[in-house]
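K.L.:
Quick one: the structure is below, and I'll ask about it shortly.
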Amino acid sequence: MSAPQNNSLGIWLMCATAFIFAVQDAMSQHLAGEYNVFMIIMIRYWFFASFVIVVASRQAGGIRKAAATTQPLLQIFRGVLLALEVCVMVSAFVVLGLVESHAVFAVYPLLIAALSGPVLGEKVGWRRWSAIAIGFAGVLIILQPGFGVFHPAALIPLLAAFMFALYGLLTRYAARRDSAAVSFFWTGTAGAVTMTLIGVWFWEPMVAGDWLWMGVLCMTSAFSHFLLIRAYEVAEASAVQPFAYLQLPFAAAFGLLMFGETLRNNVALGTLVVVGAGLFTLWRARQVKA
């Protein structure tokens with residue numbers, strides 16, 4: 001009786017996480033439209049790393065235990081990869097907007113399924129391969145290559161999706177020997193060091209009002225990661241993961257209402273195809289494990 005209750009709580013936590021992630025995306029688009037992307041992400045990572053270090057210091061064993069890993073190169077690469085992926089995705093928000101960026105980025109679960117074989121040695125059956133193929137057909141519907149409206153900028157969120165999928169796979173690979181707390185610590189600290197080395201060269205003054213938005217972005221970033229951790233603590237990953245897709249309609253709503261974006265028919269249709277294929281792969285993976 002307790003498991004369904006825990007899964008229910010986890011689903012609500014994931015829904016809240018998806019909404020806050022969408023809020024972050026909207027604020028990131030606003031700030032990156034006014035200032036350099038690298039600077040914005042650098043400041044965000046400073047706060048994120050501080051949050052990670054505070055969390056680690058309050059746990060048993062402290063920072064020394066949180067940093068203890070037998071695979072430091074892998075953990076550093078994960079942190080660097082995620083930081084760069086965030087830069088790529090925020091750049092996509094500025095160039096394409098929230099609606100189309102998230103429509104293309106929604107393909108990342110399919111990329112995880114496709115790459116889980118060569119990276120993790122997992123078996124992917126014909127049903128999931130079929131869903132992956134259908135999902136990529138949905139991406140082609142969104143991008144419309146060959147119809148005179150395709151723009152190379154549409155490949156930016158596709159690159160972000162590939163980077164995030166690789167990050168997710170490497171996180172699962174790292175989990176074979178490291179705890180989630182260790183991976184979380186390295187994600188924040190390695191990312192902060194990376195963005196500092198890049199971002200300091202692009203520093204520019206920010207008006208007082210935008211510093212307020214920057215502060216809200218940093219605080220919601222830390223809070224969303226806390227909710228995400230709690231969601232996976234209280235519920236099965238397979239139960240809550242499909243609800244992460246809610247970030248797409250939430251972000252699209254912000255794009256439509258706040259930034260005056262439009263939802264083209266091909267984007268709506270392609271998104272439905274991609275999300276449907278992604279949900280099938282999640283369901284099929286759960287069936288195989290069961």
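Just remember, in the structure tokens the first chain shown is A, the second B, etc., residues are 1-based per chain, and ligands are 1-based in the order shown.
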Find the residues around stretch 82-84 of chain A up to 8 Å (only C-alpha atoms counted), leave out those fewer than 5 positions away in its own chain, and share them as number ranges by chain.

P.N.:
A: 41, 163-164, 167, 187, 191-192, 194-195

K.L.:
Tell me which of A:Thr17, A:Tyr173, A:Ile63, A:Ala231 sits closest to A:Gly117, counting only C-alpha atoms.

P.N.:
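The answer is A:Tyr173, which sits nearest to A:Gly117.
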
K.L.:
Counting only C-alpha atoms, which residue out of A:Met39, A:Arg177, A:Phe259, A:Val274 sits closest to A:Leu140?

P.N.:
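Among A:Met39, A:Arg177, A:Phe259, A:Val274, it is A:Val274 that comes nearest to A:Leu140.
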
K.L.:
Among stretch 14-249 of chain A, which ones does DSSP assign to helix (DSSP H, G or I) (computed from the backbone)? Answer as a ChimeraX atom specification.

P.N.:
/A:14-34,37-57,62-67,72-96,98-105,108-120,126-143,152-174,180-202,208-234,237-249

K.L.:
Need the shell around A:Ala161: protein/DNA/RNA residues with any atom at most 7 Å away, counting only C-alpha atoms. Skip same-chain ones fewer than 5 positions apart. Format as a compact mmCIF listing (two decimals) with N, CA, C and O atoms, in the first residue's frame?

P.N.:
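selection_20.txt written:
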```txt
# COMPACT_ATOMS: atom_id res chain seq x y z
N PHE A 105 14.20 19.04 -28.63
CA PHE A 105 14.93 18.47 -27.50
C PHE A 105 14.21 17.25 -26.92
O PHE A 105 14.84 16.39 -26.30
N VAL A 107 13.46 14.68 -28.11
CA VAL A 107 13.95 13.42 -28.68
C VAL A 107 15.00 12.76 -27.78
O VAL A 107 15.37 11.60 -28.02
N TYR A 108 15.47 13.44 -26.73
CA TYR A 108 16.60 12.89 -25.97
C TYR A 108 16.34 11.52 -25.35
O TYR A 108 17.26 10.69 -25.29
```

K.L.:
Neighbouring residues of A:Thr70 were defined as those with any atom within 12 Å, considering only C-alpha atoms; residues of the same chain fewer than 4 positions away were excluded. Please report them as a PDB file with C-alpha atoms, in the first residue's frame.

P.N.:
```
ATOM      1  CA  LYS A  65      32.986  11.454   1.165  1.00  0.00           C
ATOM      2  CA  ALA A  66      30.976  13.280  -1.513  1.00  0.00           C
ATOM      3  CA  LEU A  74      34.419  10.149 -15.949  1.00  0.00           C
ATOM      4  CA  GLN A  75      32.827  12.333 -13.272  1.00  0.00           C
ATOM      5  CA  ILE A  76      34.653  15.449 -14.489  1.00  0.00           C
ATOM      6  CA  ALA A 174      29.017   6.101 -13.214  1.00  0.00           C
ATOM      7  CA  ALA A 175      26.274   4.820 -10.877  1.00  0.00           C
ATOM      8  CA  ARG A 176      27.728   1.322 -11.152  1.00  0.00           C
ATOM      9  CA  ARG A 177      30.549   2.418  -8.844  1.00  0.00           C
ATOM     10  CA  ASP A 178      29.555   5.798  -7.384  1.00  0.00           C
ATOM     11  CA  SER A 179      26.541   6.886  -5.343  1.00  0.00           C
ATOM     12  CA  VAL A 182      29.015  11.595  -5.441  1.00  0.00           C
ATOM     13  CA  SER A 183      27.767  12.145  -8.993  1.00  0.00           C
TER      14      SER A 183
END
```

K.L.:
Smallest atom-to-atom distance to A:Ile156: which of A:Gly188, A:Gly121, A:Gly97, A:Gly135, using only C-alpha atoms?

P.N.:
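Counting only C-alpha atoms, the residue closest to A:Ile156 is A:Gly97.
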
K.L.:
Distance atom CA of A:Gly199-atom CA of A:Leu73, one decimal place?

P.N.:
22.2 Å

K.L.:
List the neighbours of stretch 19-35 of chain A out to 10 Å using only C-alpha atoms; skip same-chain residues closer than 5 positions along the sequence, and give me the result as a PyMOL selection string.

P.N.:
chain A and resi 13-14+40-41+44+87+89-95+97-98+102+202-206+210-211+213-214+216-221+223-225+227+244+246-255+258-259

K.L.:
When you draw a straight line from atom CA of A:Leu158 to atom CA of A:Val104, how long is it in Å?

P.N.:
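About the pair atom CA of A:Leu158 and atom CA of A:Val104: they are 6.0 Å apart.
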
K.L.:
If you count only C-alpha atoms, which residues fall within 9 Å of A:Ile112, apart from same-chain ones fewer than 6 positions away, as a PyMOL selection string?

P.N.:
chain A and resi 162+164-166+168-169
